[in-house]
$ cat input.pdb   # PDB, C-alpha atoms, pLDDT in the B column
ATOM      1  CA  MET L  23       0.000   0.000   0.000  1.00 77.00           C
ATOM      2  CA  ARG L  24       1.263   3.470  -0.824  1.00 88.00           C
ATOM      3  CA  VAL L  25       0.850   6.313   1.685  1.00 93.00           C
ATOM      4  CA  LEU L  26       1.363  10.020   1.066  1.00 95.00           C
ATOM      5  CA  VAL L  27       2.861  11.979   3.983  1.00 96.00           C
ATOM      6  CA  ILE L  28       2.479  15.773   3.791  1.00 96.00           C
ATOM      7  CA  GLU L  29       4.681  17.142   6.585  1.00 95.00           C
ATOM      8  CA  SER L  30       6.876  20.263   6.543  1.00 93.00           C
ATOM      9  CA  GLU L  31       9.184  19.213   9.410  1.00 93.00           C
ATOM     10  CA  VAL L  32      11.931  17.313   7.613  1.00 94.00           C
ATOM     11  CA  ALA L  33      13.000  15.228  10.623  1.00 94.00           C
ATOM     12  CA  LEU L  34       9.446  14.163  11.463  1.00 93.00           C
ATOM     13  CA  ALA L  35       8.659  13.375   7.828  1.00 94.00           C
ATOM     14  CA  ALA L  36      11.776  11.193   7.645  1.00 94.00           C
ATOM     15  CA  THR L  37      10.856   9.397  10.873  1.00 94.00           C
ATOM     16  CA  ILE L  38       7.322   8.666   9.645  1.00 94.00           C
ATOM     17  CA  ARG L  39       8.612   7.425   6.302  1.00 94.00           C
ATOM     18  CA  ARG L  40      11.177   5.146   7.929  1.00 93.00           C
ATOM     19  CA  SER L  41       8.622   3.704  10.342  1.00 92.00           C
ATOM     20  CA  LEU L  42       6.034   3.008   7.635  1.00 93.00           C
ATOM     21  CA  ARG L  43       8.605   1.477   5.313  1.00 91.00           C
ATOM     22  CA  GLU L  44       9.670  -0.890   8.084  1.00 90.00           C
ATOM     23  CA  HIS L  45       6.073  -2.175   8.040  1.00 87.00           C
ATOM     24  CA  ARG L  46       6.056  -2.694   4.264  1.00 84.00           C
ATOM     25  CA  PHE L  47       4.269   0.499   3.264  1.00 89.00           C
ATOM     26  CA  LYS L  48       5.444   2.418   0.229  1.00 89.00           C
ATOM     27  CA  VAL L  49       5.751   6.076   1.171  1.00 93.00           C
ATOM     28  CA  ASP L  50       5.844   9.345  -0.768  1.00 94.00           C
ATOM     29  CA  VAL L  51       6.727  12.512   1.156  1.00 95.00           C
ATOM     30  CA  ALA L  52       5.809  16.111   0.343  1.00 95.00           C
ATOM     31  CA  LEU L  53       7.356  18.857   2.477  1.00 94.00           C
ATOM     32  CA  ASP L  54       4.698  21.480   1.729  1.00 94.00           C
ATOM     33  CA  GLY L  55       0.969  21.527   1.195  1.00 93.00           C
ATOM     34  CA  ARG L  56       0.875  22.569  -2.442  1.00 93.00           C
ATOM     35  CA  SER L  57       3.248  19.874  -3.684  1.00 94.00           C
ATOM     36  CA  GLY L  58       1.410  17.327  -1.518  1.00 93.00           C
ATOM     37  CA  LEU L  59      -1.922  18.308  -3.036  1.00 92.00           C
ATOM     38  CA  ALA L  60      -0.445  18.042  -6.528  1.00 91.00           C
ATOM     39  CA  ARG L  61       0.783  14.499  -5.786  1.00 91.00           C
ATOM     40  CA  ALA L  62      -2.628  13.502  -4.430  1.00 91.00           C
ATOM     41  CA  PHE L  63      -4.331  14.708  -7.624  1.00 87.00           C
ATOM     42  CA  VAL L  64      -2.052  12.706  -9.933  1.00 82.00           C
ATOM     43  CA  ARG L  65      -1.744   9.432  -7.997  1.00 80.00           C
ATOM     44  CA  PRO L  66      -4.340   7.676  -5.836  1.00 79.00           C
ATOM     45  CA  TYR L  67      -3.098   6.692  -2.366  1.00 88.00           C
ATOM     46  CA  SER L  68      -4.214   4.016   0.065  1.00 87.00           C
ATOM     47  CA  ALA L  69      -4.080   6.738   2.757  1.00 92.00           C
ATOM     48  CA  ILE L  70      -2.845  10.295   3.231  1.00 95.00           C
ATOM     49  CA  VAL L  71      -1.191  11.624   6.409  1.00 96.00           C
ATOM     50  CA  VAL L  72      -1.281  15.424   6.524  1.00 95.00           C
ATOM     51  CA  ASP L  73      -0.067  17.974   9.061  1.00 94.00           C
ATOM     52  CA  GLN L  74      -2.777  20.436  10.022  1.00 91.00           C
ATOM     53  CA  ALA L  75      -0.311  23.330  10.527  1.00 89.00           C
ATOM     54  CA  LEU L  76       1.512  23.405   7.207  1.00 92.00           C
ATOM     55  CA  PRO L  77       2.979  26.864   6.525  1.00 88.00           C
ATOM     56  CA  ASP L  78       1.759  27.320   2.948  1.00 89.00           C
ATOM     57  CA  LEU L  79      -1.566  25.471   2.808  1.00 89.00           C
ATOM     58  CA  CYS L  80      -3.196  24.197   5.970  1.00 89.00           C
ATOM     59  CA  GLY L  81      -4.224  20.577   6.355  1.00 90.00           C
ATOM     60  CA  ASP L  82      -7.907  21.522   6.654  1.00 91.00           C
ATOM     61  CA  GLU L  83      -7.805  23.202   3.248  1.00 92.00           C
ATOM     62  CA  ILE L  84      -6.079  20.181   1.724  1.00 93.00           C
ATOM     63  CA  CYS L  85      -8.832  17.940   3.120  1.00 92.00           C
ATOM     64  CA  ARG L  86     -11.595  20.168   1.775  1.00 91.00           C
ATOM     65  CA  THR L  87      -9.974  20.355  -1.659  1.00 92.00           C
ATOM     66  CA  LEU L  88      -9.458  16.602  -1.944  1.00 91.00           C
ATOM     67  CA  ARG L  89     -12.994  15.812  -0.780  1.00 87.00           C
ATOM     68  CA  ALA L  90     -14.465  18.349  -3.200  1.00 87.00           C
ATOM     69  CA  ASP L  91     -12.459  16.660  -5.966  1.00 83.00           C
ATOM     70  CA  GLY L  92     -13.950  13.294  -5.066  1.00 79.00           C
ATOM     71  CA  SER L  93     -10.893  11.683  -3.451  1.00 82.00           C
ATOM     72  CA  GLN L  94     -11.775   8.575  -1.432  1.00 79.00           C
ATOM     73  CA  SER L  95      -8.335   8.174   0.177  1.00 86.00           C
ATOM     74  CA  PRO L  96      -8.590   7.965   3.990  1.00 89.00           C
ATOM     75  CA  LEU L  97      -7.127  11.108   5.568  1.00 92.00           C
ATOM     76  CA  LEU L  98      -5.266  11.128   8.896  1.00 93.00           C
ATOM     77  CA  MET L  99      -4.615  14.626  10.275  1.00 93.00           C
ATOM     78  CA  LEU L 100      -1.667  15.363  12.573  1.00 93.00           C
ATOM     79  CA  THR L 101      -2.718  18.051  15.072  1.00 90.00           C
ATOM     80  CA  ASP L 102      -1.237  20.021  17.944  1.00 83.00           C
ATOM     81  CA  PRO L 103      -2.155  18.877  21.488  1.00 74.00           C
ATOM     82  CA  HIS L 104      -4.589  21.736  22.094  1.00 67.00           C
ATOM     83  CA  THR L 105      -6.169  21.783  18.646  1.00 64.00           C
ATOM     84  CA  GLU L 106      -9.640  20.345  18.357  1.00 59.00           C
ATOM     85  CA  CYS L 107      -9.857  17.553  15.806  1.00 55.00           C
ATOM     86  CA  ALA L 108     -11.619  18.768  12.678  1.00 50.00           C
ATOM     87  CA  ASN L 109     -13.125  15.434  11.771  1.00 46.00           C
ATOM     88  CA  GLY L 110     -16.448  16.649  13.109  1.00 40.00           C
ATOM     89  CA  SER L 111     -16.872  18.275   9.697  1.00 41.00           C
ATOM     90  CA  LYS L 112     -16.996  14.811   8.095  1.00 43.00           C
ATOM     91  CA  ALA L 113     -20.762  15.182   8.153  1.00 37.00           C
ATOM     92  CA  GLU L 114     -20.234  17.841   5.505  1.00 48.00           C
ATOM     93  CA  GLY L 115     -17.807  15.576   3.659  1.00 55.00           C
ATOM     94  CA  ALA L 116     -14.899  17.972   4.126  1.00 66.00           C
ATOM     95  CA  GLY L 117     -12.901  16.833   7.144  1.00 79.00           C
ATOM     96  CA  PRO L 118     -10.281  14.160   7.835  1.00 88.00           C
ATOM     97  CA  ASP L 119     -11.282  10.613   8.714  1.00 86.00           C
ATOM     98  CA  ASP L 120      -9.249  10.682  11.920  1.00 87.00           C
ATOM     99  CA  CYS L 121      -6.841  12.885  13.865  1.00 89.00           C
ATOM    100  CA  LEU L 122      -3.651  12.063  15.757  1.00 88.00           C
ATOM    101  CA  SER L 123      -2.379  14.567  18.299  1.00 88.00           C
ATOM    102  CA  ARG L 124       1.313  15.297  18.800  1.00 86.00           C
ATOM    103  CA  PRO L 125       3.416  13.924  20.327  1.00 86.00           C
ATOM    104  CA  PHE L 126       2.804  10.395  19.094  1.00 87.00           C
ATOM    105  CA  ASP L 127       4.929   7.316  18.583  1.00 86.00           C
ATOM    106  CA  ALA L 128       5.197   4.999  15.620  1.00 86.00           C
ATOM    107  CA  SER L 129       2.792   2.425  17.063  1.00 84.00           C
ATOM    108  CA  ASP L 130       0.084   5.106  17.460  1.00 86.00           C
ATOM    109  CA  LEU L 131       0.442   6.125  13.823  1.00 90.00           C
ATOM    110  CA  LEU L 132       0.431   2.545  12.559  1.00 88.00           C
ATOM    111  CA  THR L 133      -2.630   1.630  14.602  1.00 86.00           C
ATOM    112  CA  ARG L 134      -4.615   4.621  13.313  1.00 87.00           C
ATOM    113  CA  LEU L 135      -3.593   3.986   9.717  1.00 88.00           C
ATOM    114  CA  ARG L 136      -4.503   0.308   9.827  1.00 84.00           C
ATOM    115  CA  LEU L 137      -7.897   1.093  11.326  1.00 80.00           C
ATOM    116  CA  LEU L 138      -8.580   3.637   8.595  1.00 83.00           C
ATOM    117  CA  LEU L 139      -7.519   1.217   5.860  1.00 80.00           C
ATOM    118  CA  ARG L 140      -9.684  -1.556   7.302  1.00 72.00           C
ATOM    119  CA  ARG L 141     -12.670   0.771   7.645  1.00 70.00           C
ATOM    120  CA  ASN L 142     -12.211   1.980   4.068  1.00 64.00           C
ATOM    121  CA  ARG L 143     -12.236  -1.591   2.728  1.00 57.00           C
ATOM    122  CA  VAL L 144     -15.309  -2.545   4.739  1.00 52.00           C
ATOM    123  CA  HIS L 145     -17.375   0.376   3.459  1.00 51.00           C
ATOM    124  CA  LYS L 146     -16.145   0.229  -0.128  1.00 58.00           C
ATOM    125  CA  GLU L 147     -18.961  -0.361  -2.582  1.00 65.00           C
ATOM    126  CA  PRO L 148     -18.619  -3.865  -4.059  1.00 74.00           C
ATOM    127  CA  VAL L 149     -19.865  -2.794  -7.498  1.00 85.00           C
ATOM    128  CA  ILE L 150     -18.221  -0.080  -9.597  1.00 87.00           C
ATOM    129  CA  ARG L 151     -20.406   1.550 -12.248  1.00 90.00           C
ATOM    130  CA  VAL L 152     -19.246   3.903 -14.997  1.00 92.00           C
ATOM    131  CA  ALA L 153     -21.982   4.692 -17.514  1.00 92.00           C
ATOM    132  CA  ASP L 154     -23.227   1.257 -18.674  1.00 94.00           C
ATOM    133  CA  LEU L 155     -20.060  -0.514 -17.487  1.00 95.00           C
ATOM    134  CA  THR L 156     -20.459  -2.610 -14.329  1.00 95.00           C
ATOM    135  CA  ILE L 157     -17.609  -4.216 -12.384  1.00 92.00           C
ATOM    136  CA  ASP L 158     -18.431  -6.599  -9.539  1.00 89.00           C
ATOM    137  CA  THR L 159     -15.330  -6.531  -7.324  1.00 80.00           C
ATOM    138  CA  ASP L 160     -16.443  -9.641  -5.434  1.00 72.00           C
ATOM    139  CA  SER L 161     -17.104 -11.974  -8.373  1.00 82.00           C
ATOM    140  CA  HIS L 162     -14.832 -10.096 -10.841  1.00 85.00           C
ATOM    141  CA  GLU L 163     -17.682 -10.163 -13.370  1.00 93.00           C
ATOM    142  CA  VAL L 164     -17.627  -7.308 -15.874  1.00 96.00           C
ATOM    143  CA  THR L 165     -20.550  -6.294 -18.096  1.00 97.00           C
ATOM    144  CA  ARG L 166     -21.097  -3.508 -20.616  1.00 96.00           C
ATOM    145  CA  ALA L 167     -24.680  -2.658 -21.573  1.00 94.00           C
ATOM    146  CA  GLY L 168     -25.726  -5.918 -19.940  1.00 94.00           C
ATOM    147  CA  ARG L 169     -23.307  -8.047 -21.974  1.00 95.00           C
ATOM    148  CA  LYS L 170     -20.752 -10.065 -20.027  1.00 96.00           C
ATOM    149  CA  ILE L 171     -17.123  -9.379 -20.986  1.00 97.00           C
ATOM    150  CA  GLY L 172     -14.449 -12.026 -20.525  1.00 95.00           C
ATOM    151  CA  LEU L 173     -11.176 -10.626 -19.152  1.00 93.00           C
ATOM    152  CA  THR L 174      -7.924 -12.206 -18.077  1.00 90.00           C
ATOM    153  CA  SER L 175      -6.884 -11.718 -14.466  1.00 84.00           C
ATOM    154  CA  ARG L 176      -4.426  -9.010 -15.495  1.00 86.00           C
ATOM    155  CA  GLU L 177      -6.954  -7.204 -17.675  1.00 92.00           C
ATOM    156  CA  TYR L 178      -9.506  -7.257 -14.868  1.00 89.00           C
ATOM    157  CA  THR L 179      -7.009  -5.840 -12.347  1.00 84.00           C
ATOM    158  CA  LEU L 180      -6.065  -3.081 -14.786  1.00 90.00           C
ATOM    159  CA  LEU L 181      -9.698  -2.165 -15.464  1.00 92.00           C
ATOM    160  CA  GLU L 182     -10.617  -2.113 -11.770  1.00 87.00           C
ATOM    161  CA  ALA L 183      -7.582   0.048 -10.937  1.00 85.00           C
ATOM    162  CA  LEU L 184      -8.686   2.633 -13.504  1.00 89.00           C
ATOM    163  CA  ALA L 185     -12.440   2.459 -12.863  1.00 89.00           C
ATOM    164  CA  ALA L 186     -12.017   2.738  -9.082  1.00 81.00           C
ATOM    165  CA  GLN L 187     -10.466   6.170  -9.719  1.00 79.00           C
ATOM    166  CA  GLU L 188     -13.028   7.282 -12.292  1.00 84.00           C
ATOM    167  CA  GLY L 189     -12.137  10.725 -13.638  1.00 84.00           C
ATOM    168  CA  HIS L 190      -8.603  10.651 -12.213  1.00 82.00           C
ATOM    169  CA  ALA L 191      -5.703   9.914 -14.554  1.00 85.00           C
ATOM    170  CA  LEU L 192      -3.195   7.237 -13.543  1.00 85.00           C
ATOM    171  CA  ASP L 193       0.320   7.530 -14.919  1.00 85.00           C
ATOM    172  CA  ARG L 194       2.078   4.467 -16.302  1.00 85.00           C
ATOM    173  CA  ALA L 195       4.281   4.075 -13.221  1.00 81.00           C
ATOM    174  CA  ALA L 196       1.252   4.019 -10.919  1.00 78.00           C
ATOM    175  CA  ILE L 197      -0.503   1.476 -13.146  1.00 83.00           C
ATOM    176  CA  GLN L 198       2.543  -0.807 -13.265  1.00 79.00           C
ATOM    177  CA  GLU L 199       2.862  -0.587  -9.486  1.00 71.00           C
ATOM    178  CA  ARG L 200      -0.795  -1.471  -8.885  1.00 71.00           C
ATOM    179  CA  VAL L 201      -1.220  -4.122 -11.561  1.00 76.00           C
ATOM    180  CA  TRP L 202       2.204  -5.677 -12.031  1.00 72.00           C
ATOM    181  CA  LEU L 203       3.385  -5.053  -8.448  1.00 59.00           C
ATOM    182  CA  ASP L 204       7.111  -5.803  -8.228  1.00 49.00           C
ATOM    183  CA  GLU L 205       7.273  -7.935 -11.380  1.00 52.00           C
ATOM    184  CA  ASP L 206       9.602  -6.917 -14.171  1.00 58.00           C
ATOM    185  CA  SER L 207       7.743  -5.694 -17.225  1.00 61.00           C
ATOM    186  CA  ALA L 208       8.626  -4.045 -20.523  1.00 63.00           C
ATOM    187  CA  SER L 209       8.218  -0.306 -20.873  1.00 63.00           C
ATOM    188  CA  ASN L 210       5.288  -0.692 -23.294  1.00 81.00           C
ATOM    189  CA  THR L 211       3.452  -3.340 -21.235  1.00 85.00           C
ATOM    190  CA  VAL L 212       0.800  -0.916 -19.970  1.00 89.00           C
ATOM    191  CA  ASP L 213       0.130   0.466 -23.463  1.00 91.00           C
ATOM    192  CA  VAL L 214      -0.247  -3.026 -24.932  1.00 93.00           C
ATOM    193  CA  HIS L 215      -2.720  -4.126 -22.244  1.00 93.00           C
ATOM    194  CA  ILE L 216      -4.688  -0.871 -22.563  1.00 95.00           C
ATOM    195  CA  GLY L 217      -5.028  -1.530 -26.297  1.00 95.00           C
ATOM    196  CA  VAL L 218      -6.459  -4.996 -25.667  1.00 96.00           C
ATOM    197  CA  LEU L 219      -8.749  -3.719 -22.915  1.00 96.00           C
ATOM    198  CA  ARG L 220     -10.107  -0.970 -25.173  1.00 95.00           C
ATOM    199  CA  LYS L 221     -11.133  -3.536 -27.777  1.00 96.00           C
ATOM    200  CA  LYS L 222     -13.025  -5.544 -25.183  1.00 97.00           C
ATOM    201  CA  ILE L 223     -14.628  -2.631 -23.313  1.00 97.00           C
ATOM    202  CA  ASP L 224     -15.148   0.120 -25.895  1.00 95.00           C
ATOM    203  CA  GLN L 225     -15.312  -1.538 -29.306  1.00 93.00           C
ATOM    204  CA  GLY L 226     -18.827  -1.356 -30.726  1.00 92.00           C
ATOM    205  CA  HIS L 227     -19.939   1.331 -28.263  1.00 94.00           C
ATOM    206  CA  GLU L 228     -20.450   4.942 -29.268  1.00 92.00           C
ATOM    207  CA  GLU L 229     -19.420   6.198 -25.823  1.00 93.00           C
ATOM    208  CA  LYS L 230     -15.770   5.415 -25.111  1.00 94.00           C
ATOM    209  CA  LEU L 231     -14.756   4.983 -21.474  1.00 96.00           C
ATOM    210  CA  ILE L 232     -10.992   4.357 -21.576  1.00 96.00           C
ATOM    211  CA  HIS L 233      -9.123   7.543 -22.538  1.00 95.00           C
ATOM    212  CA  THR L 234      -5.546   8.639 -23.061  1.00 93.00           C
ATOM    213  CA  VAL L 235      -4.196  11.631 -21.160  1.00 90.00           C
ATOM    214  CA  ARG L 236      -1.252  12.598 -23.346  1.00 87.00           C
ATOM    215  CA  GLY L 237       1.949  13.026 -21.379  1.00 85.00           C
ATOM    216  CA  ILE L 238       0.478  11.346 -18.288  1.00 85.00           C
ATOM    217  CA  GLY L 239      -1.272   8.021 -18.756  1.00 90.00           C
ATOM    218  CA  TYR L 240      -4.842   6.742 -18.862  1.00 93.00           C
ATOM    219  CA  VAL L 241      -8.220   7.391 -17.288  1.00 92.00           C
ATOM    220  CA  VAL L 242     -11.659   5.776 -17.194  1.00 93.00           C
ATOM    221  CA  ARG L 243     -14.380   8.358 -17.571  1.00 91.00           C
ATOM    222  CA  ARG L 244     -17.244   9.435 -19.770  1.00 85.00           C
ATOM    223  CA  GLY L 245     -16.649  12.073 -22.403  1.00 69.00           C
ATOM    224  CA  LEU L 246     -13.587  13.352 -24.163  1.00 54.00           C
ATOM    225  CA  GLU L 247     -11.596  10.949 -26.317  1.00 47.00           C
ATOM    226  CA  GLU L 248      -8.126  12.311 -25.649  1.00 47.00           C
ATOM    227  CA  ILE L 249      -6.718  15.050 -23.433  1.00 48.00           C
ATOM    228  CA  SER L 250      -3.220  16.480 -23.430  1.00 41.00           C
ATOM    229  CA  ALA L 251      -1.052  16.895 -20.340  1.00 43.00           C
ATOM    230  CA  SER L 252      -1.593  20.669 -20.529  1.00 38.00           C
ATOM    231  CA  GLY L 253      -5.335  20.087 -20.404  1.00 41.00           C
ATOM    232  CA  SER L 254      -5.251  17.480 -17.672  1.00 42.00           C
ATOM    233  CA  ALA L 255      -6.005  19.948 -14.879  1.00 36.00           C
ATOM    234  CA  ALA L 256      -9.614  20.062 -15.967  1.00 36.00           C
ATOM    235  CA  LEU L 257      -9.682  16.279 -16.077  1.00 39.00           C
ATOM    236  CA  LEU L 258      -8.157  15.873 -12.641  1.00 38.00           C
ATOM    237  CA  HIS L 259     -10.450  18.515 -11.158  1.00 33.00           C
ATOM    238  CA  HIS L 260     -13.740  17.351 -12.710  1.00 32.00           C
TER     239      HIS L 260
END

$ encode --input "input.pdb" --output "structure tokens"
Amino acid sequence: MRVLVIESEVALAATIRRSLREHRFKVDVALDGRSGLARAFVRPYSAIVVDQALPDLCGDEICRTLRADGSQSPLLMLTDPHTECANGSKAEGAGPDDCLSRPFDASDLLTRLRLLLRRNRVHKEPVIRVADLTIDTDSHEVTRAGRKIGLTSREYTLLEALAAQEGHALDRAAIQERVWLDEDSASNTVDVHIGVLRKKIDQGHEEKLIHTVRGIGYVVRRGLEEISASGSAALLHH
């Protein structure tokens, strides 16, 4: 699982990264709010740890922006001892999923993260729907306009990875990491599998669902056929 840590204190960010890596998490670190938000828009994360008191863009604003953009990544806010946890605003869909007050130790952080990840899996909808495409994540059955589509295990995993982030582009590196894990694969492997998947999912349908984002990667969404990297902001902020 990959976690994004948005923390401006270099020493604390390094400590969190080291601790999470020791427990087999993959960790990206952003040392300011704006670069952290940019990372969260481009790549989906299993969870995001964000400091509430970032100097350039506060953690509360990052939470509101991500929720407004449709991000489903669990958010853990790091707060000061006397700061009230903002997760009461979850009712409005804008706050973090949990808060952890400083000072804390590694076991506290790990426990909170694991609880959030477990809760997120439990409440995840078992069926993903995009237009007339339906993906049953329990049975792995895929249909388009009511017609069952036969996919290999790899093709199914690729489709689910894209459809679960509907409207958000995944770059090739993120796709390889999610679908091929640590296996060696050729540089054009993603492109080849996308080509096959397009034939099975989109061929014969007027509305195309698998799109290229030039300079970035691929996205599942309704609408535009192809979008350049310069135009991807609109795509990522639908």

$ resolve_selection --input "input.pdb" --expression "the PyMOL selection byres ((chain L and resi 91) around 10)" --output "VMD selection string"
chain L and resid 63 85 to 90 92 to 94 189 to 190 258 to 260

$ atom_distance --input "input.pdb" --atom1 "atom CA of Ser175 of chain L" --atom2 "atom CA of Thr159 of chain L"
12.2 Å

$ resolve_selection --input "input.pdb" --expression "the PyMOL selection byres ((chain L and resi 212-225) around 8)" --output "PyMOL selection string"
chain L and resi 166+171+177+181+194+197-198+209-211+226-232

$ atom_distance --input "input.pdb" --atom1 "atom CA of Leu131 of chain L" --atom2 "atom CA of Pro77 of chain L"
22.1 Å

$ closest_residue --input "input.pdb" --among "L:Cys121, L:Ala33, L:Leu137, L:Val25" --to "Arg65 of chain L" --atoms "all atoms listed in the file"
L:Val25

$ atom_distance --input "input.pdb" --atom1 "atom CA of Ala69 of chain L" --atom2 "atom CA of Ala128 of chain L"
16.0 Å

$ residues_around --input "input.pdb" --residues "Ala167 of chain L" --least-positions-apart "3" --cutoff "10 Å" --atoms "only C-alpha atoms" --output "list in words"
Ala153, Asp154, Leu155, Thr156, Lys170 and His227 of chain L

$ resolve_selection --input "input.pdb" --expression "the PyMOL selection byres ((chain L and resi 45) around 12)" --output "NGL selection string"
:L and (23-25 or 38-44 or 46-49 or 128-129 or 131-133 or 135-136)

$ decode --input "input.pdb" --residues "segment 77-84 of chain L" --atoms "all heavy atoms" --output "compact mmCIF listing (two decimals), in the first residue's frame"
# COMPACT_ATOMS: atom_id res chain seq x y z
N PRO L 77 2.82 25.41 6.66
CA PRO L 77 2.98 26.86 6.52
C PRO L 77 2.33 27.47 5.29
O PRO L 77 1.91 28.63 5.31
CB PRO L 77 4.51 27.03 6.48
CG PRO L 77 5.03 25.71 6.02
CD PRO L 77 4.09 24.69 6.56
N ASP L 78 2.25 26.72 4.19
CA ASP L 78 1.76 27.32 2.95
C ASP L 78 0.29 27.05 2.69
O ASP L 78 -0.42 27.86 2.11
CB ASP L 78 2.59 26.84 1.76
CG ASP L 78 2.47 25.34 1.53
OD1 ASP L 78 2.32 24.61 2.53
OD2 ASP L 78 2.53 24.90 0.37
N LEU L 79 -0.18 25.86 3.07
CA LEU L 79 -1.57 25.47 2.81
C LEU L 79 -1.98 24.54 3.93
O LEU L 79 -1.45 23.44 4.05
CB LEU L 79 -1.66 24.76 1.45
CG LEU L 79 -3.04 24.46 0.88
CD1 LEU L 79 -3.78 25.76 0.57
CD2 LEU L 79 -2.92 23.60 -0.37
N CYS L 80 -2.89 24.97 4.77
CA CYS L 80 -3.20 24.20 5.97
C CYS L 80 -3.84 22.85 5.63
O CYS L 80 -4.44 22.69 4.57
CB CYS L 80 -4.09 25.00 6.91
SG CYS L 80 -5.81 25.13 6.40
N GLY L 81 -3.69 21.91 6.56
CA GLY L 81 -4.22 20.58 6.35
C GLY L 81 -5.72 20.57 6.14
O GLY L 81 -6.24 19.75 5.36
N ASP L 82 -6.45 21.46 6.82
CA ASP L 82 -7.91 21.52 6.65
C ASP L 82 -8.28 21.87 5.22
O ASP L 82 -9.22 21.31 4.64
CB ASP L 82 -8.51 22.56 7.61
CG ASP L 82 -8.38 22.14 9.06
OD1 ASP L 82 -8.57 20.94 9.35
OD2 ASP L 82 -8.07 23.00 9.90
N GLU L 83 -7.52 22.80 4.63
CA GLU L 83 -7.80 23.20 3.25
C GLU L 83 -7.48 22.07 2.28
O GLU L 83 -8.21 21.85 1.30
CB GLU L 83 -6.99 24.45 2.88
CG GLU L 83 -7.22 24.97 1.48
CD GLU L 83 -8.66 25.38 1.23
OE1 GLU L 83 -9.36 25.75 2.18
OE2 GLU L 83 -9.08 25.32 0.05
N ILE L 84 -6.42 21.33 2.56
CA ILE L 84 -6.08 20.18 1.72
C ILE L 84 -7.20 19.15 1.77
O ILE L 84 -7.62 18.61 0.74
CB ILE L 84 -4.75 19.56 2.18
CG1 ILE L 84 -3.59 20.51 1.83
CG2 ILE L 84 -4.52 18.19 1.53
CD1 ILE L 84 -2.25 20.06 2.36
